[in-house]
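Undergrad: Contents of work33.cif (mmCIF, C-alpha atoms and all ligand atoms) are below:
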data_run
loop_
_atom_site.group_PDB
_atom_site.id
_atom_site.type_symbol
_atom_site.label_atom_id
_atom_site.label_comp_id
_atom_site.auth_asym_id
_atom_site.auth_seq_id
_atom_site.Cartn_x
_atom_site.Cartn_y
_atom_site.Cartn_z
ATOM 1 C CA MET A 1 -11.003 17.294 -6.944
ATOM 2 C CA GLU A 2 -7.789 16.496 -8.725
ATOM 3 C CA ASP A 3 -5.933 19.590 -7.753
ATOM 4 C CA TYR A 4 -2.182 19.221 -7.471
ATOM 5 C CA PRO A 5 1.047 21.121 -8.066
ATOM 6 C CA ARG A 6 2.508 20.487 -11.520
ATOM 7 C CA THR A 7 6.134 20.878 -10.539
ATOM 8 C CA LEU A 8 8.314 20.726 -7.457
ATOM 9 C CA ALA A 9 8.807 24.474 -7.645
ATOM 10 C CA GLU A 10 5.055 24.989 -7.652
ATOM 11 C CA LEU A 11 4.742 22.634 -4.704
ATOM 12 C CA GLU A 12 7.279 24.664 -2.726
ATOM 13 C CA ARG A 13 5.509 27.929 -3.569
ATOM 14 C CA ARG A 14 2.056 26.699 -2.857
ATOM 15 C CA PHE A 15 2.652 24.910 0.427
ATOM 16 C CA ARG A 16 4.753 27.495 2.181
ATOM 17 C CA SER A 17 2.371 27.933 5.108
ATOM 18 C CA GLU A 18 0.830 25.522 7.610
ATOM 19 C CA GLN A 19 -2.601 26.838 6.701
ATOM 20 C CA ALA A 20 -2.123 26.092 2.996
ATOM 21 C CA CYS A 21 -1.087 22.514 3.809
ATOM 22 C CA ARG A 22 -3.940 22.061 6.268
ATOM 23 C CA ASP A 23 -6.538 23.400 3.823
ATOM 24 C CA TYR A 24 -5.270 21.039 1.155
ATOM 25 C CA LEU A 25 -5.454 18.039 3.496
ATOM 26 C CA PHE A 26 -8.923 19.093 4.589
ATOM 27 C CA ARG A 27 -10.217 18.962 1.026
ATOM 28 C CA LEU A 28 -8.526 15.626 0.395
ATOM 29 C CA ARG A 29 -9.896 14.036 3.541
ATOM 30 C CA TRP A 30 -13.376 15.517 3.346
ATOM 31 C CA PRO A 31 -14.055 16.304 -0.313
ATOM 32 C CA GLU A 32 -17.763 16.688 0.469
ATOM 33 C CA GLY A 33 -17.190 18.751 3.581
ATOM 34 C CA PHE A 34 -16.448 17.929 7.188
ATOM 35 C CA ARG A 35 -17.434 14.495 8.430
ATOM 36 C CA CYS A 36 -16.990 13.559 12.055
ATOM 37 C CA PRO A 37 -14.938 10.339 12.420
ATOM 38 C CA CYS A 38 -16.928 9.467 15.558
ATOM 39 C CA CYS A 39 -20.559 10.014 14.655
ATOM 40 C CA GLY A 40 -20.537 10.893 10.960
ATOM 41 C CA GLY A 41 -21.950 14.345 11.710
ATOM 42 C CA THR A 42 -21.402 16.978 9.043
ATOM 43 C CA GLN A 43 -21.540 20.142 11.144
ATOM 44 C CA ALA A 44 -18.543 21.424 13.077
ATOM 45 C CA TRP A 45 -17.314 24.625 14.683
ATOM 46 C CA PRO A 46 -13.734 25.738 14.235
ATOM 47 C CA LEU A 47 -11.974 25.997 17.610
ATOM 48 C CA SER A 48 -8.640 27.152 16.240
ATOM 49 C CA SER A 49 -6.754 26.881 12.973
ATOM 50 C CA VAL A 50 -6.224 23.214 13.820
ATOM 51 C CA TRP A 51 -9.203 21.940 15.805
ATOM 52 C CA TRP A 52 -12.898 21.488 15.022
ATOM 53 C CA ARG A 53 -15.729 20.675 17.397
ATOM 54 C CA CYS A 54 -18.365 18.282 16.042
ATOM 55 C CA ALA A 55 -21.791 19.867 16.443
ATOM 56 C CA SER A 56 -23.505 16.506 16.990
ATOM 57 C CA CYS A 57 -21.233 14.649 19.407
ATOM 58 C CA ALA A 58 -18.908 17.450 20.590
ATOM 59 C CA HIS A 59 -15.862 15.393 19.663
ATOM 60 C CA LYS A 60 -12.738 17.453 19.009
ATOM 61 C CA VAL A 61 -11.384 16.663 15.561
ATOM 62 C CA SER A 62 -8.399 17.790 13.524
ATOM 63 C CA VAL A 63 -7.765 17.074 9.882
ATOM 64 C CA THR A 64 -4.631 15.131 10.761
ATOM 65 C CA ALA A 65 -6.135 13.054 13.586
ATOM 66 C CA GLY A 66 -6.015 9.378 12.727
ATOM 67 C CA THR A 67 -3.696 9.974 9.759
ATOM 68 C CA ILE A 68 0.047 9.519 9.373
ATOM 69 C CA PHE A 69 0.461 13.177 10.385
ATOM 70 C CA GLN A 70 -1.136 12.656 13.766
ATOM 71 C CA ASP A 71 0.977 13.702 16.767
ATOM 72 C CA THR A 72 3.704 15.065 14.569
ATOM 73 C CA HIS A 73 5.664 17.944 16.011
ATOM 74 C CA THR A 74 7.076 18.781 12.632
ATOM 75 C CA PRO A 75 5.377 21.447 10.563
ATOM 76 C CA LEU A 76 3.186 20.141 7.751
ATOM 77 C CA THR A 77 5.254 22.242 5.345
ATOM 78 C CA VAL A 78 8.191 19.927 6.019
ATOM 79 C CA TRP A 79 5.991 16.865 5.518
ATOM 80 C CA PHE A 80 4.846 18.281 2.195
ATOM 81 C CA ARG A 81 8.423 18.779 1.086
ATOM 82 C CA ALA A 82 9.163 15.188 2.117
ATOM 83 C CA MET A 83 6.227 13.929 0.039
ATOM 84 C CA GLY A 84 7.365 16.000 -2.916
ATOM 85 C CA TRP A 85 10.844 14.583 -2.687
ATOM 86 C CA VAL A 86 9.654 10.962 -2.332
ATOM 87 C CA ILE A 87 7.567 11.392 -5.462
ATOM 88 C CA ALA A 88 10.334 13.062 -7.439
ATOM 89 C CA GLN A 89 12.712 10.134 -6.911
ATOM 90 C CA LYS A 90 11.948 7.802 -9.765
ATOM 91 C CA ASN A 91 13.511 4.661 -8.416
ATOM 92 C CA GLY A 92 12.946 4.752 -4.722
ATOM 93 C CA VAL A 93 14.155 6.571 -1.690
ATOM 94 C CA SER A 94 16.504 6.116 1.210
ATOM 95 C CA ALA A 95 16.332 7.513 4.713
ATOM 96 C CA LEU A 96 19.786 9.019 4.270
ATOM 97 C CA GLY A 97 18.631 10.883 1.178
ATOM 98 C CA LEU A 98 15.584 12.253 2.961
ATOM 99 C CA GLN A 99 17.678 13.285 5.955
ATOM 100 C CA ARG A 100 19.984 15.280 3.685
ATOM 101 C CA VAL A 101 17.242 16.933 1.674
ATOM 102 C CA LEU A 102 15.235 18.074 4.666
ATOM 103 C CA GLY A 103 18.230 18.711 6.894
ATOM 104 C CA LEU A 104 16.752 16.461 9.561
ATOM 105 C CA GLY A 105 18.872 16.092 12.686
ATOM 106 C CA SER A 106 18.600 12.359 13.050
ATOM 107 C CA TYR A 107 18.716 9.436 10.690
ATOM 108 C CA GLN A 108 16.128 7.660 12.850
ATOM 109 C CA THR A 109 13.619 10.452 12.289
ATOM 110 C CA ALA A 110 14.134 10.294 8.532
ATOM 111 C CA TRP A 111 13.741 6.529 8.654
ATOM 112 C CA ALA A 112 10.508 6.728 10.643
ATOM 113 C CA TRP A 113 9.119 9.337 8.239
ATOM 114 C CA LEU A 114 9.848 7.290 5.187
ATOM 115 C CA HIS A 115 8.119 4.314 6.683
ATOM 116 C CA LYS A 116 5.034 6.345 7.463
ATOM 117 C CA LEU A 117 4.981 7.617 3.899
ATOM 118 C CA ARG A 118 5.370 4.112 2.524
ATOM 119 C CA ARG A 119 2.361 3.041 4.586
ATOM 120 C CA ALA A 120 0.425 5.839 2.922
ATOM 121 C CA MET A 121 1.321 4.409 -0.467
ATOM 122 C CA VAL A 122 -1.224 1.671 0.077
ATOM 123 C CA ARG A 123 -4.631 3.117 -0.372
ATOM 124 C CA PRO A 124 -7.071 1.909 2.268
ATOM 125 C CA GLY A 125 -10.059 0.287 0.635
ATOM 126 C CA ARG A 126 -8.496 0.566 -2.807
ATOM 127 C CA ASP A 127 -9.924 -1.255 -5.781
ATOM 128 C CA ARG A 128 -9.226 -4.904 -6.165
ATOM 129 C CA LEU A 129 -7.707 -6.388 -9.293
ATOM 130 C CA ALA A 130 -10.138 -7.936 -11.759
ATOM 131 C CA GLY A 131 -10.266 -9.751 -15.079
ATOM 132 C CA THR A 132 -7.556 -12.370 -15.308
ATOM 133 C CA VAL A 133 -4.918 -12.277 -12.608
ATOM 134 C CA GLU A 134 -1.794 -14.396 -12.267
ATOM 135 C CA VAL A 135 -0.824 -15.330 -8.713
ATOM 136 C CA ASP A 136 2.337 -17.027 -7.468
ATOM 137 C CA GLU A 137 4.670 -16.963 -4.488
ATOM 138 C CA THR A 138 8.404 -16.492 -4.275
ATOM 139 C CA TYR A 139 11.157 -16.305 -1.701
ATOM 140 C CA LEU A 140 13.172 -13.178 -1.225
ATOM 141 C CA GLY A 141 16.634 -13.302 0.259
ATOM 142 C CA GLY A 142 18.616 -16.264 1.449
ATOM 143 C CA LEU A 143 20.378 -18.684 -0.797
ATOM 144 C CA GLU A 144 18.218 -21.710 -0.330
ATOM 145 C CA GLU A 145 16.535 -22.859 -3.465
ATOM 146 C CA GLY A 146 13.131 -24.392 -3.823
ATOM 147 C CA LYS A 147 9.628 -23.217 -3.218
ATOM 148 C CA ARG A 148 7.263 -23.669 -0.348
ATOM 149 C CA GLY A 149 9.721 -24.855 2.238
ATOM 150 C CA ARG A 150 9.616 -23.491 5.737
ATOM 151 C CA GLN A 151 10.327 -19.837 6.234
ATOM 152 C CA THR A 152 13.647 -19.069 7.899
ATOM 153 C CA GLU A 153 15.015 -15.922 9.471
ATOM 154 C CA LYS A 154 16.841 -15.019 6.302
ATOM 155 C CA LYS A 155 14.127 -15.572 3.757
ATOM 156 C CA ALA A 156 10.750 -14.027 3.313
ATOM 157 C CA LEU A 157 7.921 -15.610 1.392
ATOM 158 C CA ILE A 158 5.834 -13.193 -0.610
ATOM 159 C CA VAL A 159 2.797 -13.700 -2.793
ATOM 160 C CA VAL A 160 2.317 -11.578 -5.894
ATOM 161 C CA ALA A 161 -0.761 -10.942 -8.048
ATOM 162 C CA ALA A 162 -0.403 -9.410 -11.511
ATOM 163 C CA GLN A 163 -3.376 -8.456 -13.637
ATOM 164 C CA GLU A 164 -3.327 -9.359 -17.332
ATOM 165 C CA GLU A 165 -3.552 -6.435 -19.695
ATOM 166 C CA GLY A 166 -3.338 -7.809 -23.189
ATOM 167 C CA ARG A 167 0.159 -9.204 -23.415
ATOM 168 C CA GLY A 168 1.337 -6.839 -20.715
ATOM 169 C CA ILE A 169 0.885 -6.292 -17.020
ATOM 170 C CA GLY A 170 -1.830 -4.156 -15.482
ATOM 171 C CA ARG A 171 -1.832 -3.419 -11.785
ATOM 172 C CA ILE A 172 -0.209 -5.563 -9.131
ATOM 173 C CA ARG A 173 -0.587 -6.438 -5.462
ATOM 174 C CA MET A 174 1.836 -8.214 -3.148
ATOM 175 C CA ARG A 175 2.132 -9.268 0.452
ATOM 176 C CA ARG A 176 4.510 -11.106 2.751
ATOM 177 C CA ILE A 177 2.929 -14.305 4.032
ATOM 178 C CA ALA A 178 3.877 -16.759 6.763
ATOM 179 C CA ASP A 179 3.687 -19.848 4.567
ATOM 180 C CA ALA A 180 2.200 -21.092 1.306
ATOM 181 C CA SER A 181 -0.848 -22.718 2.863
ATOM 182 C CA ALA A 182 -4.380 -21.974 1.696
ATOM 183 C CA ALA A 183 -4.928 -20.236 5.061
ATOM 184 C CA SER A 184 -2.254 -17.682 4.095
ATOM 185 C CA LEU A 185 -2.978 -17.452 0.369
ATOM 186 C CA MET A 186 -6.768 -17.106 0.387
ATOM 187 C CA PRO A 187 -6.967 -13.924 2.525
ATOM 188 C CA PHE A 188 -4.490 -12.281 0.165
ATOM 189 C CA VAL A 189 -6.502 -13.281 -2.899
ATOM 190 C CA GLN A 190 -9.756 -12.120 -1.319
ATOM 191 C CA ASP A 191 -8.289 -8.755 -0.284
ATOM 192 C CA SER A 192 -6.626 -8.224 -3.666
ATOM 193 C CA ILE A 193 -8.873 -9.688 -6.369
ATOM 194 C CA GLU A 194 -12.572 -9.242 -7.160
ATOM 195 C CA PRO A 195 -14.644 -12.424 -6.866
ATOM 196 C CA GLY A 196 -15.670 -13.726 -10.281
ATOM 197 C CA SER A 197 -12.226 -12.971 -11.697
ATOM 198 C CA VAL A 198 -10.087 -15.626 -13.305
ATOM 199 C CA VAL A 199 -7.184 -16.489 -11.038
ATOM 200 C CA HIS A 200 -4.352 -18.173 -12.903
ATOM 201 C CA THR A 201 -1.953 -20.252 -10.806
ATOM 202 C CA ASP A 202 0.197 -23.336 -11.000
ATOM 203 C CA GLY A 203 -1.017 -26.616 -9.547
ATOM 204 C CA TRP A 204 -0.122 -25.898 -5.914
ATOM 205 C CA LEU A 205 -2.705 -27.213 -3.428
ATOM 206 C CA GLY A 206 -2.750 -23.922 -1.525
ATOM 207 C CA TYR A 207 -4.857 -22.485 -4.354
ATOM 208 C CA GLU A 208 -7.311 -25.356 -4.343
ATOM 209 C CA PRO A 209 -10.124 -23.485 -2.437
ATOM 210 C CA LEU A 210 -10.315 -20.689 -5.051
ATOM 211 C CA GLU A 211 -13.495 -21.920 -6.737
ATOM 212 C CA ARG A 212 -15.286 -22.251 -3.417
ATOM 213 C CA LYS A 213 -14.330 -18.653 -2.695
ATOM 214 C CA GLY A 214 -16.104 -17.477 -5.837
ATOM 215 C CA TYR A 215 -13.225 -17.285 -8.316
ATOM 216 C CA ARG A 216 -12.745 -18.974 -11.633
ATOM 217 C CA HIS A 217 -9.538 -20.945 -11.312
ATOM 218 C CA ARG A 218 -7.236 -21.514 -14.247
ATOM 219 C CA ILE A 219 -4.433 -23.945 -13.481
ATOM 220 C CA THR A 220 -1.360 -24.454 -15.613
ATOM 221 C CA PHE A 221 0.830 -27.379 -14.670
ATOM 222 C CA LEU A 222 4.549 -27.649 -15.302
ATOM 223 C CA ARG A 223 4.856 -30.253 -18.003
ATOM 224 C CA GLY A 224 8.485 -31.120 -17.622
ATOM 225 C CA PRO A 225 11.897 -29.992 -16.445
ATOM 226 C CA GLU A 226 12.364 -27.882 -19.572
ATOM 227 C CA GLU A 227 9.559 -25.585 -18.510
ATOM 228 C CA SER A 228 10.078 -22.924 -15.895
ATOM 229 C CA PRO A 229 7.455 -21.189 -13.748
ATOM 230 C CA SER A 230 8.282 -17.931 -15.513
ATOM 231 C CA GLU A 231 6.914 -19.355 -18.737
ATOM 232 C CA LEU A 232 3.696 -20.524 -17.114
ATOM 233 C CA LEU A 233 2.970 -17.279 -15.321
ATOM 234 C CA PRO A 234 5.054 -14.742 -17.238
ATOM 235 C CA ARG A 235 3.576 -11.551 -15.786
ATOM 236 C CA VAL A 236 3.905 -12.432 -12.158
ATOM 237 C CA HIS A 237 7.472 -13.618 -12.712
ATOM 238 C CA ARG A 238 8.358 -10.464 -14.586
ATOM 239 C CA VAL A 239 7.116 -8.482 -11.576
ATOM 240 C CA ILE A 240 9.106 -10.688 -9.206
ATOM 241 C CA SER A 241 12.327 -10.181 -11.142
ATOM 242 C CA LEU A 242 11.765 -6.395 -11.281
ATOM 243 C CA LEU A 243 11.084 -6.404 -7.551
ATOM 244 C CA LYS A 244 14.266 -8.344 -6.803
ATOM 245 C CA ARG A 245 16.341 -6.043 -8.980
ATOM 246 C CA TRP A 246 14.768 -2.981 -7.334
ATOM 247 C CA LEU A 247 15.410 -4.300 -3.838
ATOM 248 C CA LEU A 248 19.044 -4.944 -4.738
ATOM 249 C CA GLY A 249 19.538 -1.588 -6.398
ATOM 250 C CA THR A 250 17.639 0.675 -4.054
ATOM 251 C CA HIS A 251 17.605 -1.150 -0.761
ATOM 252 C CA GLN A 252 20.753 -3.282 -1.053
ATOM 253 C CA GLY A 253 18.606 -6.386 -1.130
ATOM 254 C CA ALA A 254 17.362 -5.756 2.373
ATOM 255 C CA VAL A 255 14.782 -8.304 3.343
ATOM 256 C CA SER A 256 14.805 -7.798 7.083
ATOM 257 C CA PHE A 257 11.200 -8.361 7.851
ATOM 258 C CA GLU A 258 9.818 -5.115 9.194
ATOM 259 C CA PRO A 259 11.029 -2.800 6.406
ATOM 260 C CA LEU A 260 10.259 -5.377 3.739
ATOM 261 C CA ASP A 261 6.521 -4.782 4.096
ATOM 262 C CA TYR A 262 7.077 -1.101 3.485
ATOM 263 C CA TYR A 263 9.343 -1.761 0.513
ATOM 264 C CA LEU A 264 6.657 -3.957 -1.031
ATOM 265 C CA ASP A 265 4.159 -1.122 -0.589
ATOM 266 C CA GLU A 266 6.527 1.371 -2.175
ATOM 267 C CA PHE A 267 7.292 -0.937 -5.091
ATOM 268 C CA THR A 268 3.580 -1.572 -5.698
ATOM 269 C CA PHE A 269 2.779 2.148 -5.568
ATOM 270 C CA ARG A 270 5.502 3.005 -8.062
ATOM 271 C CA PHE A 271 4.778 0.044 -10.332
ATOM 272 C CA ASN A 272 1.038 0.690 -10.531
ATOM 273 C CA ARG A 273 1.717 4.292 -11.474
ATOM 274 C CA ARG A 274 4.686 3.678 -13.727
ATOM 275 C CA ARG A 275 2.908 5.130 -16.743
ATOM 276 C CA SER A 276 1.689 8.204 -14.949
ATOM 277 C CA ARG A 277 3.314 11.132 -16.702
ATOM 278 C CA SER A 278 2.675 13.621 -14.000
ATOM 279 C CA ARG A 279 4.666 13.551 -10.775
ATOM 280 C CA GLY A 280 2.128 16.032 -9.448
ATOM 281 C CA LYS A 281 -0.604 13.468 -9.768
ATOM 282 C CA LEU A 282 1.465 11.004 -7.745
ATOM 283 C CA PHE A 283 1.863 13.674 -5.103
ATOM 284 C CA PHE A 284 -1.900 14.097 -5.063
ATOM 285 C CA ARG A 285 -2.415 10.351 -4.604
ATOM 286 C CA LEU A 286 0.157 10.141 -1.841
ATOM 287 C CA ALA A 287 -1.293 13.101 0.065
ATOM 288 C CA GLN A 288 -4.792 11.721 -0.457
ATOM 289 C CA GLN A 289 -3.790 8.351 0.915
ATOM 290 C CA ALA A 290 -1.878 9.918 3.795
ATOM 291 C CA VAL A 291 -5.121 11.367 5.179
ATOM 292 C CA ALA A 292 -7.353 8.459 4.197
ATOM 293 C CA VAL A 293 -8.425 6.790 7.388
ATOM 294 C CA LYS A 294 -8.592 3.027 7.256
ATOM 295 C CA PRO A 295 -12.149 1.786 7.028
ATOM 296 C CA VAL A 296 -13.183 -0.496 9.847
ATOM 297 C CA ILE A 297 -12.933 -3.814 8.174
ATOM 298 C CA TYR A 298 -15.361 -6.593 8.845
ATOM 299 C CA ARG A 299 -12.693 -8.922 10.151
ATOM 300 C CA SER A 300 -11.616 -6.555 12.892
ATOM 301 C CA LEU A 301 -15.231 -6.097 13.941
ATOM 302 C CA VAL A 302 -15.618 -9.841 14.099
ATOM 303 C CA GLN A 303 -12.398 -10.042 16.036
ATOM 304 C CA SER A 304 -13.489 -7.609 18.696
ATOM 305 C CA ALA A 305 -16.937 -9.148 18.861
ATOM 306 C CA SER A 306 -15.501 -12.592 19.434
ATOM 307 C CA ASP A 307 -12.869 -11.488 21.919
ATOM 308 C CA GLY A 308 -15.125 -10.901 24.876
ATOM 309 C CA SER A 309 -17.498 -13.811 24.683
ATOM 310 C CA SER A 310 -17.201 -17.309 23.361
ATOM 311 C CA THR A 311 -20.929 -17.718 22.858
ATOM 312 C CA ASN A 312 -21.572 -16.243 19.448
ATOM 313 C CA HIS A 313 -19.456 -18.292 17.084
ATOM 314 C CA ASN A 314 -21.755 -17.511 14.173
ATOM 315 C CA LEU A 315 -19.936 -14.230 13.856
ATOM 316 C CA LEU A 316 -16.807 -16.019 12.749
ATOM 317 C CA ARG A 317 -18.371 -17.387 9.597
HETATM 318 ZN ZN ZN A 401 -19.344 13.741 15.928
#
Written as structure tokens, how would this file's structure read?

TA:
Amino acid sequence: MEDYPRTLAELERRFRSEQACRDYLFRLRWPEGFRCPCCGGTQAWPLSSVWWRCASCAHKVSVTAGTIFQDTHTPLTVWFRAMGWVIAQKNGVSALGLQRVLGLGSYQTAWAWLHKLRRAMVRPGRDRLAGTVEVDETYLGGLEEGKRGRQTEKKALIVVAAQEEGRGIGRIRMRRIADASAASLMPFVQDSIEPGSVVHTDGWLGYEPLERKGYRHRITFLRGPEESPSELLPRVHRVISLLKRWLLGTHQGAVSFEPLDYYLDEFTFRFNRRRSRSRGKLFFRLAQQAVAVKPVIYRSLVQSASDGSSTNHNLLR
């Protein structure tokens, strides 16, 4: 189903009622019909316009449970208008802007909403990058020069992956990391890039385990002071300079740590869809991701399994 409003006016017309919004979310969350988040059962009885009762395990389920809309006291119609507005802004959004557009009473509410929507911009379980992918890290904020020093309060270290697409840039991924060690870099690469891909980096030791992790590793060394990292890894550095400009323009360069993660998500969402002609399609993606429930990832299973007992260390491998 790729069913979405073509224009903002159509969005307003179509999602005027709670039921219309709820039906839309239902089809996005369960395109093949109801599926119980507890037991996977496919039969359910409607209890009200909001609640369903799973026929197998009797769990009470709503289409918004477990999504960013959970526990909201605001009508879904207002959320839909917020999503429409976020999508219509080409360069990014501010909490103040959202507060004005929706006539929200408090700035804090608008701020919290925007951050929820930014979270939804990262699709759970989305495809990883593949082919040839450039990876490098950079500091945001602060005046200190130099790579790979210790992180301070004022600076944030982020790692960026940019897929090659001919001479241009395909999709990107980015993440804030604690330091430039292999222990920080490898989980990012493994979450973001398909094994078997070519990962192109500079000669930093933090990338040394790549081949053992199942990647083909292409290393380009700086040959002298006349060469800059942006020549070695042009795509990733193009993305970094766009990101820095965007942060300055839209978010006044804010790199305070908590919002930064959300800004990176928003930037990635907009960048990866920069050629999408249809705003409506972006709306569709955002709504789809807003009700996508995070898959239980292996790591968190391992985590909970290893929490209680110290006997089964095999699980950690
Ligand atoms: Zn169930």

Undergrad: Would you translate the PyMOL selection byres (((chain A and resi 77) around 10) and not hetatm) into the concrete set of residues it matches in this file, as an NGL selection string?

TA: :A and (12 or 14-22 or 74-76 or 78-83)

Undergrad: Could you tell me, as a PyMOL selection string, exactly which residues end up selected when the PyMOL selection byres (((not hetatm)) within 6 of (chain A and resi 401)) is applied to this structure?

TA: chain A and resi 36+38-41+54+56-59

Undergrad: Enumerate, as a ChimeraX atom specification, the residues matched when the PyMOL selection byres (((chain A and resi 238-246) around 8) and not hetatm) is run on the file above.

TA: /A:91,138,140,160,162,230,234-237,247-251,253,267

Undergrad: Just how far from CA of Ile68 (chain A) is CA of Gln89 (chain A), in Å to one decimal?

TA: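 These two atoms are separated by 20.6 Å.
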
Undergrad: Between CA of Ala182 (chain A) and CA of Leu210 (chain A), what is the spacing in Å?

TA: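 Distance between the two atoms: 9.1 Å.
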
Undergrad: Record the distance separating CA of Ala292 (chain A) and CA of Gly66 (chain A), expressed in Å with one decimal.

TA: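 One can read the CA of Ala292 (chain A) to CA of Gly66 (chain A) distance as 8.7 Å.
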
Undergrad: Would you mind telling me which residue in A:Leu185, A:Phe284, A:Glu165, A:Thr268 lies nearest to Arg118 (chain A) when using all atoms listed in the file?

TA: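 Among the listed residues, A:Thr268 lies closest to Arg118 (chain A).
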